[in-house]
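**Student:** Here it is: the structure, laid out below.
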Amino acid sequence: MCAAMVLASKGISVTVYEANPKPMPDWRASTFHAPTLELLDRIGVAGPMHEEGLVVPRYQFRDRKVGLVAEYDFSLLADETPFPYRLQLNQQRLVAILFGMLSKMDNVELRFGCRITSIVTDQAGSKFEYQDAADGSMSSVEARFVIAADGARSSVRSLLEIPFDGITYPERFLIISTPVEMGDLIERLAPVNYIADPEEWLFILRTPESWRVLWPVPEGITDDEALSDSQIEAHLQGVAPRSEPYPILDSQIYSVHQRVAERFRQGSTVLVGDAAHINSPVGGVGLNSGIHDAFDITERLARVIIDETDQELELDAFETIRRRVALEYVQADTERNTRRLREKDEVQRAVNIEEMRALAFDLDAQRNYLRRVSLLESFRRFGIGLPVEEAV
Ligand SMILES: Cc1cc2nc3c(=O)[nH]c(=O)nc-3n(C[C@H](O)[C@H](O)[C@H](O)COP(=O)(O)OP(=O)(O)OC[C@H]3O[C@@H](n4cnc5c(N)ncnc54)[C@H](O)[C@@H]3O)c2cc1C
């Protein structure tokens, strides 16, 4: 829907085919970083997001045994971005805002309940079939370009037989949302906290509706066991004891992968977002980097359609740059972040704690670190929609 907004706002007709009959209501991602807000501001979405979201300049690295290790402050980026913070807002709110705006645009058609079932593509265009859930009918469509933003289990990626190599973590991640004020239970808790532990690392973060707590579920425990009221209650009491039970608003368990598609384009079809790359949620850059993909490709497609620039050069530049960012930034950083939280070796744990403390004391080092984890570094280095020779 971000890609649709950019294209439509440049006067290009676009149709969104979405398998679900209505906008996805699930919670999922909850963090928007500075460069993503800069992009969303271009399409008028950052304003409504700020009306609902929480502005969070500071976050903490903690250790379950040591306690608070260090606090980092995105305000250090104030001279580089108008949004020097994380905006905490659950993903379904962005989905709802985009859906509302797209519904009012004349050159956008929203086809919800329509699942893509086949696709063929070459440089001249793409032809695909979809099934309409309302009546089960099949239809065929020819499009100049297809942007496949169909998620981690992308049908388009599978239909085009594009390999999706990488790893799956042995543990699953469980995330719950509770209205309990965690800040009253854990001393000096920040709105966003990453907490290392050799047995059960955590992240605890605040969103407008709730606090959200994530922990790993080891192999051997079934999803049903992990999601049972008694298990969730026992875990939360272990994190922050309280006399009353924890009310739960939402819980999700999911497998975590580090995977990047071998190709981000084929013919006139491109992959963006989770269809192209998936990663650990530690650091909150999955959705963010997918939004960057969407803005990058739509700048390029708009140039091809309106200015008749060289399609092959533009699509190749998209693939080169966005695949490189996915591998060198998103995958590398989320893997490092996750390893740091789950480290079992006591010597390495002590080294990690020292490193994270040192970062907080050295403001230049902290600024560089925050540029990296917010994706500002890759955003400024490669730009969005720049020709490949201009992206240094
Ligand atoms: C619990 C959880 C927490 C997360 N937390 C964070 C976070 O804090 N920060 C962050 O940046 N990221 C986070 N993520 C990741 C983030 O949610 C994803 O990166 C993001 O949703 C990817 O967006 P997308 O549009 O690429 O794919 P999706 O959001 O998966 O959307 C794909 C859409 O395609 C539709 N679709 C699928 N197949 C077809 C088809 N054949 N035809 C038509 N439509 C189809 C689906 O119905 C779906 O609506 C989290 C993910 C989870 C599961």
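Residues are named by chain letter and number: chains run A, B, ... in the order of the structure tokens, numbers start at 1 in each chain, and ligands are numbered from 1 in the order shown.
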Select from region 198-275 of chain A every residue with an atom at most 9 Å from any atom of region 109-133 of chain A, then for each give the shortest pair of atoms and their distance in Å to one decimal, using only C-alpha atoms, rows by chain and rising number, as CSV.
**Tutor:**
residue,atom,partner,partner_atom,distance
A:Gln266,CA,A:Thr121,CA,7.0
A:Gly267,CA,A:Asp122,CA,3.8
A:Ser268,CA,A:Gln123,CA,5.0
A:Thr269,CA,A:Thr121,CA,6.5
**Student:** Around ligand 1, out to 8 Å and counting only C-alpha atoms and all ligand atoms, which residues are there? I want them as a PyMOL selection string.
**Tutor:** chain A and resi 1+17-20+23-24+27-32+91+113-117+130+149-156+173-175+252-254+272-276+278-279+281-291
**Student:** Could you pull out the alpha helix (DSSP H) residues of region 222-357 of chain A, going by DSSP on the backbone, and write them as a ChimeraX atom specification?
**Tutor:** /A:223-227,229-239,286-302,311-325,332-342,346-357
**Student:** Could you tell me which of A:His50, A:Arg144, A:Arg381, A:Arg339 comes closest to Arg324 (chain A) if we count only C-alpha atoms?
**Tutor:**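 Closest candidate: A:Arg381.
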**Student:** Using only C-alpha atoms, find each residue of region 194-253 of chain A with at least one atom at most 12 Å away from an atom of region 79-86 of chain A; report its shortest atom-to-atom pair and that distance in Å (one decimal), sort the rows by chain and rising residue number, and return the result as JSON lines.
**Tutor:**
{"residue": "A:Leu205", "atom": "CA", "partner": "A:Arg86", "partner_atom": "CA", "distance": 11.2}
{"residue": "A:Arg206", "atom": "CA", "partner": "A:Arg86", "partner_atom": "CA", "distance": 11.0}
{"residue": "A:Thr207", "atom": "CA", "partner": "A:Arg86", "partner_atom": "CA", "distance": 10.9}
**Student:** Which one of A:Ala358, A:Ala261, A:Val304, A:Val108 sits closest to Arg323 (chain A) if you count only C-alpha atoms?
**Tutor:**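 Of the candidates, the smallest distance to Arg323 (chain A) is held by A:Ala261.
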**Student:** So which residues touch Asp364 (chain A) within 12 Å, counting only C-alpha atoms, skipping near sequence neighbours fewer than 4 positions away, as a compact mmCIF listing (two decimals) with C-alpha atoms, in the first residue's frame?
**Tutor:**
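out36.txt, written as the output of this step:
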# COMPACT_ATOMS: atom_id res chain seq x y z
CA TYR A 72 20.91 5.42 24.09
CA ASP A 73 19.38 8.63 22.87
CA LEU A 76 21.81 12.72 19.04
CA LEU A 77 20.57 12.52 15.44
CA ALA A 358 31.25 2.06 26.15
CA LEU A 359 28.91 3.03 23.29
CA ALA A 360 26.73 5.02 25.66
CA ASN A 368 27.23 6.21 14.59
CA TYR A 369 25.57 3.23 16.24
CA LEU A 370 22.16 4.91 16.26
CA ARG A 371 22.56 5.94 12.60
**Student:** Write down as a compact mmCIF listing (two decimals) with C-alpha atoms, in the first residue's frame the residues of region 158-351 of chain A whose backbone DSSP state falls under strand (DSSP E or B).
**Tutor:**
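Listing of selection26.txt after writing:
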# COMPACT_ATOMS: atom_id res chain seq x y z
CA PHE A 164 14.94 -17.86 -0.67
CA ASP A 165 18.06 -19.14 1.05
CA GLY A 166 19.07 -18.55 4.65
CA ILE A 167 18.45 -19.97 8.08
CA THR A 168 15.56 -20.56 10.48
CA TYR A 169 16.28 -20.03 14.18
CA PRO A 170 15.73 -23.15 16.31
CA GLU A 171 13.61 -21.21 18.82
CA ARG A 172 10.30 -19.51 17.99
CA PHE A 173 9.50 -16.05 19.33
CA LEU A 174 6.41 -15.36 21.41
CA ILE A 175 5.12 -11.81 21.73
CA ILE A 176 2.30 -10.76 24.02
CA SER A 177 0.55 -7.44 24.59
CA THR A 178 -0.73 -6.41 28.01
CA VAL A 192 11.90 0.34 24.58
CA ASN A 193 14.21 -2.22 26.23
CA TYR A 194 16.35 -5.07 24.90
CA ILE A 195 17.28 -7.46 27.73
CA ALA A 196 20.09 -10.04 27.40
CA LEU A 202 13.52 -10.46 26.21
CA PHE A 203 12.40 -7.30 24.65
CA ILE A 204 9.87 -5.11 26.38
CA LEU A 205 8.42 -2.15 24.56
CA ARG A 206 5.59 0.31 24.83
CA TRP A 211 3.19 -2.92 26.63
CA ARG A 212 4.56 -5.72 24.45
CA VAL A 213 6.91 -8.41 25.77
CA LEU A 214 8.76 -10.90 23.55
CA TRP A 215 10.68 -14.00 24.62
CA PRO A 216 12.09 -17.11 22.89
CA VAL A 217 10.25 -20.45 23.03
CA ASP A 250 -2.88 -10.23 22.06
CA SER A 251 -0.37 -13.08 21.70
CA GLN A 252 1.47 -14.41 18.69
CA ILE A 253 4.11 -17.10 18.23
CA TYR A 254 6.19 -17.23 15.09
CA SER A 255 9.26 -18.76 13.53
CA VAL A 256 12.13 -16.42 12.82
CA HIS A 257 14.28 -16.61 9.70
CA GLN A 258 17.21 -14.79 8.16
CA ARG A 259 16.59 -15.15 4.42
CA VAL A 260 17.18 -13.05 1.31
CA ALA A 261 15.76 -13.84 -2.13
CA ARG A 265 13.43 -8.85 -9.97
CA GLN A 266 12.41 -11.01 -12.86
CA THR A 269 8.05 -8.06 -11.68
CA VAL A 270 9.89 -7.08 -8.50
CA LEU A 271 9.86 -8.39 -4.94
CA HIS A 277 13.94 -10.57 2.73
CA ILE A 278 12.98 -11.62 6.25
**Student:** Considering only C-alpha atoms, can you say which of A:Ser280, A:Thr36, A:Thr298, A:Pro208 comes closest to Ser9 (chain A)?
**Tutor:** A:Thr298
**Student:** Considering only C-alpha atoms, tabulate each residue of region 198-304 of chain A that lies at most 12 Å from region 344-351 of chain A along with its nearest interatomic pair and the corresponding distance in Å to one decimal; arrange the rows by chain and ascending residue number and present them as a tab-separated table.
**Tutor:**
residue	atom	partner	partner_atom	distance
A:Pro198	CA	A:Lys344	CA	4.4
A:Glu199	CA	A:Lys344	CA	7.6
A:Glu200	CA	A:Lys344	CA	10.2
A:Trp201	CA	A:Lys344	CA	10.4
**Student:** Which neighbours of Val69 (chain A) fall inside 8 Å, counting only C-alpha atoms, when residues of the same chain fewer than 6 positions from it are skipped, and could you give them as an MDAnalysis selection string?
**Tutor:** chainID A and resid 60:63 353 356:357
**Student:** Could you write out that same residue set with N, CA and C atoms as a JSON list (two decimals), in the first residue's frame?
**Tutor:**
[["chain", "number", "residue", "atom", "x", "y", "z"],
["A", 60, "GLN", "N", 16.86, 1.32, 26.00],
["A", 60, "GLN", "CA", 17.84, 0.74, 26.91],
["A", 60, "GLN", "C", 18.32, -0.63, 26.45],
["A", 61, "PHE", "N", 19.58, -0.90, 26.80],
["A", 61, "PHE", "CA", 20.09, -2.27, 26.74],
["A", 61, "PHE", "C", 20.25, -2.71, 28.18],
["A", 62, "ARG", "N", 19.64, -3.84, 28.52],
["A", 62, "ARG", "CA", 19.67, -4.37, 29.88],
["A", 62, "ARG", "C", 20.19, -5.80, 29.86],
["A", 63, "ASP", "N", 20.47, -6.29, 31.06],
["A", 63, "ASP", "CA", 20.84, -7.69, 31.24],
["A", 63, "ASP", "C", 20.02, -8.19, 32.42],
["A", 353, "ILE", "N", 28.55, -6.58, 27.38],
["A", 353, "ILE", "CA", 28.07, -5.56, 28.32],
["A", 353, "ILE", "C", 29.03, -4.37, 28.32],
["A", 356, "MET", "N", 28.53, -2.37, 25.09],
["A", 356, "MET", "CA", 27.29, -1.58, 25.06],
["A", 356, "MET", "C", 27.39, -0.39, 26.00],
["A", 357, "ARG", "N", 28.12, -0.57, 27.13],
["A", 357, "ARG", "CA", 28.34, 0.56, 28.06],
["A", 357, "ARG", "C", 29.22, 1.62, 27.40]]
**Student:** Find, counting only C-alpha atoms, the residue in A:Glu142, A:Glu71, A:Glu308, A:Glu390 that gets nearest to Phe361 (chain A).
**Tutor:**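 The closest residue to Phe361 (chain A) is A:Glu71.
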**Student:** Considering only C-alpha atoms, return as a PDB file with N, CA and C atoms, in the first residue's frame whatever protein or nucleic-acid residues lie within 10 Å of Arg300 (chain A), sequence-local ones (same chain, fewer than 5 positions apart) excluded.
**Tutor:**
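Result saved to result-v6.pdb:
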ATOM      1  N   PHE A 295       9.562   2.464  -1.581  1.00  0.00           N
ATOM      2  CA  PHE A 295       9.834   3.825  -2.067  1.00  0.00           C
ATOM      3  C   PHE A 295      10.913   3.802  -3.152  1.00  0.00           C
ATOM      4  N   ILE A 305       8.111   5.142 -16.378  1.00  0.00           N
ATOM      5  CA  ILE A 305       6.789   5.381 -16.985  1.00  0.00           C
ATOM      6  C   ILE A 305       6.658   6.830 -17.475  1.00  0.00           C
ATOM      7  N   ILE A 306       7.099   7.784 -16.662  1.00  0.00           N
ATOM      8  CA  ILE A 306       6.862   9.200 -17.009  1.00  0.00           C
ATOM      9  C   ILE A 306       7.998   9.754 -17.874  1.00  0.00           C
ATOM     10  N   ASP A 307       9.252   9.458 -17.465  1.00  0.00           N
ATOM     11  CA  ASP A 307      10.404  10.070 -18.166  1.00  0.00           C
ATOM     12  C   ASP A 307      11.025   9.120 -19.187  1.00  0.00           C
ATOM     13  N   THR A 309      12.939   6.566 -18.767  1.00  0.00           N
ATOM     14  CA  THR A 309      14.335   6.176 -18.511  1.00  0.00           C
ATOM     15  C   THR A 309      14.469   4.672 -18.785  1.00  0.00           C
ATOM     16  N   ASP A 310      15.706   4.192 -18.800  1.00  0.00           N
ATOM     17  CA  ASP A 310      15.992   2.807 -19.195  1.00  0.00           C
ATOM     18  C   ASP A 310      15.508   1.823 -18.120  1.00  0.00           C
ATOM     19  N   GLN A 311      14.482   1.055 -18.497  1.00  0.00           N
ATOM     20  CA  GLN A 311      13.851   0.134 -17.534  1.00  0.00           C
ATOM     21  C   GLN A 311      14.844  -0.867 -16.941  1.00  0.00           C
ATOM     22  N   LEU A 313      18.108  -0.696 -16.608  1.00  0.00           N
ATOM     23  CA  LEU A 313      19.058  -0.064 -15.680  1.00  0.00           C
ATOM     24  C   LEU A 313      18.388   0.229 -14.342  1.00  0.00           C
ATOM     25  N   GLU A 314      17.148   0.720 -14.410  1.00  0.00           N
ATOM     26  CA  GLU A 314      16.440   1.074 -13.165  1.00  0.00           C
ATOM     27  C   GLU A 314      16.165  -0.176 -12.326  1.00  0.00           C
ATOM     28  N   LEU A 315      15.660  -1.235 -12.951  1.00  0.00           N
ATOM     29  CA  LEU A 315      15.315  -2.432 -12.178  1.00  0.00           C
ATOM     30  C   LEU A 315      16.571  -3.127 -11.648  1.00  0.00           C
ATOM     31  N   ALA A 317      19.319  -1.548 -10.876  1.00  0.00           N
ATOM     32  CA  ALA A 317      19.807  -0.708  -9.769  1.00  0.00           C
ATOM     33  C   ALA A 317      19.004  -1.001  -8.501  1.00  0.00           C
ATOM     34  N   PHE A 318      17.685  -1.139  -8.656  1.00  0.00           N
ATOM     35  CA  PHE A 318      16.838  -1.498  -7.491  1.00  0.00           C
ATOM     36  C   PHE A 318      17.354  -2.790  -6.864  1.00  0.00           C
ATOM     37  N   ILE A 384      17.340   6.811  -1.928  1.00  0.00           N
ATOM     38  CA  ILE A 384      16.147   6.050  -2.301  1.00  0.00           C
ATOM     39  C   ILE A 384      15.845   6.386  -3.751  1.00  0.00           C
ATOM     40  N   GLY A 385      15.890   5.363  -4.594  1.00  0.00           N
ATOM     41  CA  GLY A 385      15.591   5.571  -6.011  1.00  0.00           C
ATOM     42  C   GLY A 385      16.707   6.254  -6.782  1.00  0.00           C
ATOM     43  N   LEU A 386      17.940   6.268  -6.228  1.00  0.00           N
ATOM     44  CA  LEU A 386      19.056   6.896  -6.944  1.00  0.00           C
ATOM     45  C   LEU A 386      19.596   5.942  -8.003  1.00  0.00           C
ATOM     46  N   PRO A 387      20.064   6.475  -9.148  1.00  0.00           N
ATOM     47  CA  PRO A 387      20.769   5.604 -10.099  1.00  0.00           C
ATOM     48  C   PRO A 387      21.950   4.944  -9.393  1.00  0.00           C
TER      49      PRO A 387
END
